[in-house]
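Q: Quick one: structure below, then a few questions.
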Amino acid sequence: MTAADIGLTAPTGDLQAKPRWILAGLLTGPALYILIMAIVPAFLMVQLSLAHREVGGLWSPGFELTQYRQLATPLFARIMGFSLLLALTGAAICVSLAFPAAYFITRMRRRAQVAWLVFLLGSLSLSEVLIVFAFQVLLSTSGTLAGALTAVGLLAPGGSLYPNFPAVLTCLVYLLLPYVILFFYPALSQLDPEVEQAAATMGASRVSTFARVVLPMMRRQILTGVLLVVIFTFGAYLTPLVLGRPPQWTIAIHINNAAMGAGNLPLAAAYAVAVVAFMVALLVVTRLLSRRREAEA
Amino acid sequence: MFGLELRDLTKAYGEHLAADHVSLSIPHGEFVCFLGPSGCGKTTVLRMIAGLETPTSGAILLNGKAITEQPANSRQFGMVFQSLALFPHLNVGENIAFALRLRGVDPRRRKERVAELLELVRLPGLQTRAISQLSGGQRQRVAIARALAQEPPVFLLDEPFSALDAKLREEMQNELRALQQRLKITTILVTHDQREAMTMADTIVVMGEGQIQQHGPPVSIYKHPANRFVADFIGASNLLPVKILDGQTVTYGTTPLRVGATCGLGGAPATLAIRPEDVVITRAAGGGCNEVAGVISQVRDMGAYVEFRVACEGLDILGVAAPRDWIGAGLGERAHVRLPVERCQVLAT
């Protein structure tokens, strides 16, 4: 007599089937949201970039590469080059400041850590518009910083600290720094203190431990942090518009100008598609390099 | 003197004394186990020796030279941590060579030394293996090799085997002991596992409430515990509340018991300690001294030995007997237990 003969059947299949249905039900909402809010607009954007431009800011459906040909110009290359330069410089500064800052916060007493986290989260509640215009005031001829520099003779009277590249970069770093610190904080707070202590018992100084143990162990997080800043900075709009001159304008401003100023929606869409493609390529290359490095290790 | 010396080492965290005036001399080449329950201060003392904690007061001397103020990276005592703390971004060889690289040892010598150490810990040829690809026992060995790479004057281990299963733990304990005897390196191991301490150490330091309760050779500590804490912590003990009658007699309830020596004044309360294996059980009274009558309250036949409890004067006396010496009595039967005079030890309460 088997278990089946007396009506005992294994419930495994039923038990496995139920969670699958529950999972499918739970995932339907987010999947629909992503489909409607991200994939459909992306598809529309590609469609628009291939459309025929009409006069008066209009367009008609079509399949032409006219706008994409405009991407193969020195102007577009310069815009993309500058956007990339700004993004990489911003990322380098942000990560160089945020990583040690997050490291030192995690080494503080619990109370001090909480205070810092509250402060950082609080700073995120400030509107980007407010911060950018505050920077404008601070760096302007009548601003506090310019005034102080003029007083010590480092700035000519009537001089201003904006619009220029350093002003754009400084403001972007200020805007992104709290995000990057908060991004590094969980990984660094989970770093086993015994790893650093082990390095110390083997003769490593604090600096040496940081450089030879902590930094390499956090390589993946650092790389992700860099990508995070690059992606944010590449799409920066308000900061370069207010604190920069046209040569310091990012691709986001040029997309807006093409769409709203020149009324060329297909060109704006082609710009946007190029940016997305560039970002995807950047992510893929980074991932491949990171995998190769892991495989070598 | 040559070796490591702790003088009145104290570590306070606010009001709490994690280590309370710890003084100890460890001769060169000795294997010492700091043994005690969780929170007794053994790891704190080890960390102070390593230079990872600063003592509140007291001094640490190595070969007669004070090293109390030296940071951990100057002392360079090899240490194996509870978590092992291997560097996951480095492979086995790079982990072991870490200290040598910091010292600027040339790559050829480094390579040779790594190979030597891997031979020593019985992992030859694993230089290029990633840490994530190692088993628990292999990681343990790599951590030991890494700590030994710099030829440290003192080798410290903080509960290194606690995460291993029983079989592997025993294997690693034997290997470490053999390694230590070969290298003749002063070794301090922190553990809460008394079996580990008993089987590995030349000297056991029993710690409780931040203080050294007793230190000495394992057998001596087992046979002659200095106080109730040690008797209770090391192995199983019968701890009977007694009253001191005179210099060689105590009373347990109404029964007078002869002992080797007492401590304290007549009438004072004390604790009589006797190991279960020293308790002798008989069916009938033998007529000798130190016999207490009682009723068998528990019998557990463990195959290799029989464990029994006899309720006498309101307390259970625990004993073990070899199967051939077991009287074959069952629960509720009357029996007599004899507590040999030379095995009874009176401790202050």
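Just so we're on the same page: first chain in the structure tokens is A, next is B, and so on; residues restart at 1 for each chain, and ligands are numbered from 1 in the order they show up.
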Would you mind listing, as an MDAnalysis selection string, all residues of chain A that have at least one atom within 7 Å of chain B, where only C-alpha atoms are what counts?

A: chainID A and resid 194:195 198 200:205 216:217

Q: For the selection just defined, write its residues with N, CA and C atoms to a file, as a PDB file, in the first residue's frame.

A:
ATOM      1  N   GLU A 194      36.858  44.309  12.362  1.00  0.00           N
ATOM      2  CA  GLU A 194      37.985  43.401  12.584  1.00  0.00           C
ATOM      3  C   GLU A 194      38.902  43.333  11.358  1.00  0.00           C
ATOM      4  N   VAL A 195      38.349  43.655  10.178  1.00  0.00           N
ATOM      5  CA  VAL A 195      39.180  43.644   8.971  1.00  0.00           C
ATOM      6  C   VAL A 195      40.254  44.740   9.082  1.00  0.00           C
ATOM      7  N   ALA A 198      42.700  43.805  11.792  1.00  0.00           N
ATOM      8  CA  ALA A 198      43.634  42.780  11.320  1.00  0.00           C
ATOM      9  C   ALA A 198      44.784  43.446  10.562  1.00  0.00           C
ATOM     10  N   ALA A 200      45.866  46.427  11.016  1.00  0.00           N
ATOM     11  CA  ALA A 200      46.699  47.129  12.002  1.00  0.00           C
ATOM     12  C   ALA A 200      47.657  46.160  12.689  1.00  0.00           C
ATOM     13  N   THR A 201      47.168  44.959  13.040  1.00  0.00           N
ATOM     14  CA  THR A 201      48.065  44.007  13.712  1.00  0.00           C
ATOM     15  C   THR A 201      49.169  43.510  12.770  1.00  0.00           C
ATOM     16  N   MET A 202      48.972  43.738  11.484  1.00  0.00           N
ATOM     17  CA  MET A 202      50.017  43.332  10.536  1.00  0.00           C
ATOM     18  C   MET A 202      50.935  44.492  10.165  1.00  0.00           C
ATOM     19  N   GLY A 203      50.763  45.605  10.866  1.00  0.00           N
ATOM     20  CA  GLY A 203      51.685  46.721  10.680  1.00  0.00           C
ATOM     21  C   GLY A 203      51.172  47.863   9.833  1.00  0.00           C
ATOM     22  N   ALA A 204      49.891  47.804   9.421  1.00  0.00           N
ATOM     23  CA  ALA A 204      49.365  48.870   8.561  1.00  0.00           C
ATOM     24  C   ALA A 204      48.936  50.082   9.394  1.00  0.00           C
ATOM     25  N   SER A 205      49.324  51.272   8.937  1.00  0.00           N
ATOM     26  CA  SER A 205      48.865  52.507   9.594  1.00  0.00           C
ATOM     27  C   SER A 205      47.402  52.733   9.190  1.00  0.00           C
ATOM     28  N   PRO A 216      39.897  49.221  -1.606  1.00  0.00           N
ATOM     29  CA  PRO A 216      39.701  48.091  -2.545  1.00  0.00           C
ATOM     30  C   PRO A 216      38.487  47.232  -2.216  1.00  0.00           C
ATOM     31  N   MET A 217      38.191  47.092  -0.935  1.00  0.00           N
ATOM     32  CA  MET A 217      37.014  46.278  -0.573  1.00  0.00           C
ATOM     33  C   MET A 217      35.717  46.927  -1.023  1.00  0.00           C
TER      34      MET A 217
END

Q: Fewer than 5 positions away in the same chain doesn't count, so skip those; otherwise give me all residues within 9 Å of Ala101 (chain A), counting only C-alpha atoms, as a ChimeraX atom specification.

A: /A:96,106,181

Q: Any idea what's packed within 10 Å of Gly253 (chain B), counting only C-alpha atoms, ignoring anything in its chain fewer than 5 positions away? Could you give it as number ranges by chain?

A: B: 240-243, 312-315

Q: Emit the selected residues as a PDB file, in the first residue's frame, including C-alpha atoms.

A:
ATOM      1  CA  LEU B 240      27.680  21.444  48.740  1.00  0.00           C
ATOM      2  CA  PRO B 241      26.898  24.158  51.261  1.00  0.00           C
ATOM      3  CA  VAL B 242      28.704  23.220  54.482  1.00  0.00           C
ATOM      4  CA  LYS B 243      29.635  24.731  57.808  1.00  0.00           C
ATOM      5  CA  CYS B 312      21.089  13.558  50.283  1.00  0.00           C
ATOM      6  CA  GLU B 313      20.236  16.140  52.911  1.00  0.00           C
ATOM      7  CA  GLY B 314      17.985  18.011  50.489  1.00  0.00           C
ATOM      8  CA  LEU B 315      20.542  18.282  47.660  1.00  0.00           C
TER       9      LEU B 315
END

Q: Excluding same-chain residues fewer than 2 positions from region 34-47 of chain A, what lies within 8 Å of it counting only C-alpha atoms, as a PyMOL selection string?

A: chain A and resi 30-32+49-51+61+63+269-270+272-273

Q: Store the residues picked out above, limited to N, CA and C atoms, as a PDB file, in the first residue's frame.

A:
ATOM      1  N   PRO A  30       3.641  46.914 -10.269  1.00  0.00           N
ATOM      2  CA  PRO A  30       4.897  47.585 -10.649  1.00  0.00           C
ATOM      3  C   PRO A  30       5.233  47.396 -12.135  1.00  0.00           C
ATOM      4  N   ALA A  31       4.956  46.183 -12.653  1.00  0.00           N
ATOM      5  CA  ALA A  31       5.283  45.919 -14.061  1.00  0.00           C
ATOM      6  C   ALA A  31       4.470  46.830 -14.975  1.00  0.00           C
ATOM      7  N   LEU A  32       3.201  46.990 -14.662  1.00  0.00           N
ATOM      8  CA  LEU A  32       2.339  47.872 -15.466  1.00  0.00           C
ATOM      9  C   LEU A  32       2.806  49.318 -15.387  1.00  0.00           C
ATOM     10  N   SER A  49      11.748  60.759 -32.669  1.00  0.00           N
ATOM     11  CA  SER A  49      13.059  61.102 -33.228  1.00  0.00           C
ATOM     12  C   SER A  49      13.164  60.719 -34.707  1.00  0.00           C
ATOM     13  N   LEU A  50      12.342  59.777 -35.108  1.00  0.00           N
ATOM     14  CA  LEU A  50      12.365  59.329 -36.511  1.00  0.00           C
ATOM     15  C   LEU A  50      11.282  60.014 -37.350  1.00  0.00           C
ATOM     16  N   ALA A  51      10.501  60.879 -36.689  1.00  0.00           N
ATOM     17  CA  ALA A  51       9.365  61.517 -37.374  1.00  0.00           C
ATOM     18  C   ALA A  51       9.843  62.638 -38.295  1.00  0.00           C
ATOM     19  N   PRO A  61       4.163  61.646 -38.484  1.00  0.00           N
ATOM     20  CA  PRO A  61       4.776  60.324 -38.371  1.00  0.00           C
ATOM     21  C   PRO A  61       5.590  59.974 -39.608  1.00  0.00           C
ATOM     22  N   PHE A  63       9.593  57.771 -40.936  1.00  0.00           N
ATOM     23  CA  PHE A  63      10.790  57.019 -40.555  1.00  0.00           C
ATOM     24  C   PHE A  63      11.965  57.598 -41.324  1.00  0.00           C
ATOM     25  N   ALA A 269      14.113  64.875 -29.512  1.00  0.00           N
ATOM     26  CA  ALA A 269      13.944  63.440 -29.228  1.00  0.00           C
ATOM     27  C   ALA A 269      15.189  62.666 -29.638  1.00  0.00           C
ATOM     28  N   ALA A 270      15.798  63.048 -30.763  1.00  0.00           N
ATOM     29  CA  ALA A 270      17.022  62.360 -31.210  1.00  0.00           C
ATOM     30  C   ALA A 270      18.154  62.584 -30.216  1.00  0.00           C
ATOM     31  N   ALA A 272      17.755  63.115 -27.035  1.00  0.00           N
ATOM     32  CA  ALA A 272      17.406  62.324 -25.845  1.00  0.00           C
ATOM     33  C   ALA A 272      17.735  60.845 -26.054  1.00  0.00           C
ATOM     34  N   VAL A 273      17.419  60.342 -27.273  1.00  0.00           N
ATOM     35  CA  VAL A 273      17.723  58.930 -27.576  1.00  0.00           C
ATOM     36  C   VAL A 273      19.236  58.707 -27.514  1.00  0.00           C
TER      37      VAL A 273
END

Q: Applying 6 Å and only C-alpha atoms, which residues near region 296-301 of chain B remain after dropping the ones on its own chain fewer than 6 positions away? List them as a PyMOL selection string.

A: chain B and resi 307-310+331-333

Q: Mind checking which residues fall within 10 Å of Leu238 (chain A), counting only C-alpha atoms, ignoring those fewer than 4 positions away in the same chain, and posting them as a list in words?

A: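 After dropping sequence-adjacent residues, the list is Glu128, Val129, Val132, Phe133, Val168, Leu172, Val242, Leu243, Gly244, Trp249, Thr250, Ala252 and Ile253 of chain A.
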
Q: Region 32-39 of chain B: which residues within 6 Å, counting only C-alpha atoms, same-chain residues fewer than 5 positions away excluded, as a ChimeraX atom specification?

A: /B:188-192,197,201-207

Q: So which bits of region 50-211 of chain A end up strand (DSSP E) when you DSSP the backbone, as a list in words?

A: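 The residues of region 50-211 of chain A classed as strand (DSSP E) are His52, Arg53, Trp59 and Ser60 of chain A.
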
Q: From the options B:Gln140, B:Gln173, B:Ser237, B:Ser132, which residue's atoms come nearest to Asp316 (chain B), counting only C-alpha atoms?

A: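 For Asp316 (chain B), the nearest of the given residues is B:Ser237.
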
Q: Any chance you could list, as a VMD selection string, the residues in region 138-270 of chain A that come up alpha helix (DSSP H) when DSSP is run on the backbone?

A: chain A and resid 138 to 139 144 to 151 165 to 189 193 to 201 206 to 209 215 to 217 219 to 234 238 to 243 251 to 256 265 to 270

Q: Have a look at CA of Met218 (chain A) and CA of Trp116 (chain A) and let me know their distance in Å, one decimal.

A: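 If I compute the distance from CA of Met218 (chain A) to CA of Trp116 (chain A), I get 21.3 Å.
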
Q: What is the distance, in Å and to one decimal place, between CA of Leu156 (chain B) and CA of Thr187 (chain B)?

A: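 One can read the CA of Leu156 (chain B) to CA of Thr187 (chain B) distance as 5.9 Å.
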
Q: Using only C-alpha atoms for the distances, tell me which of A:Leu223, A:Tyr237, A:His254, A:Ala259 is nearest to Leu88 (chain A).

A: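 Under the stated criterion, the closest residue is A:Leu223.
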
Q: Determine the nearest neighbour of Tyr103 (chain A) from the options A:Leu124, A:Val173, A:Ala151, A:Ala187, counting only C-alpha atoms.

A: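 Between A:Leu124, A:Val173, A:Ala151, A:Ala187, the residue approaching Tyr103 (chain A) most closely is A:Ala187.
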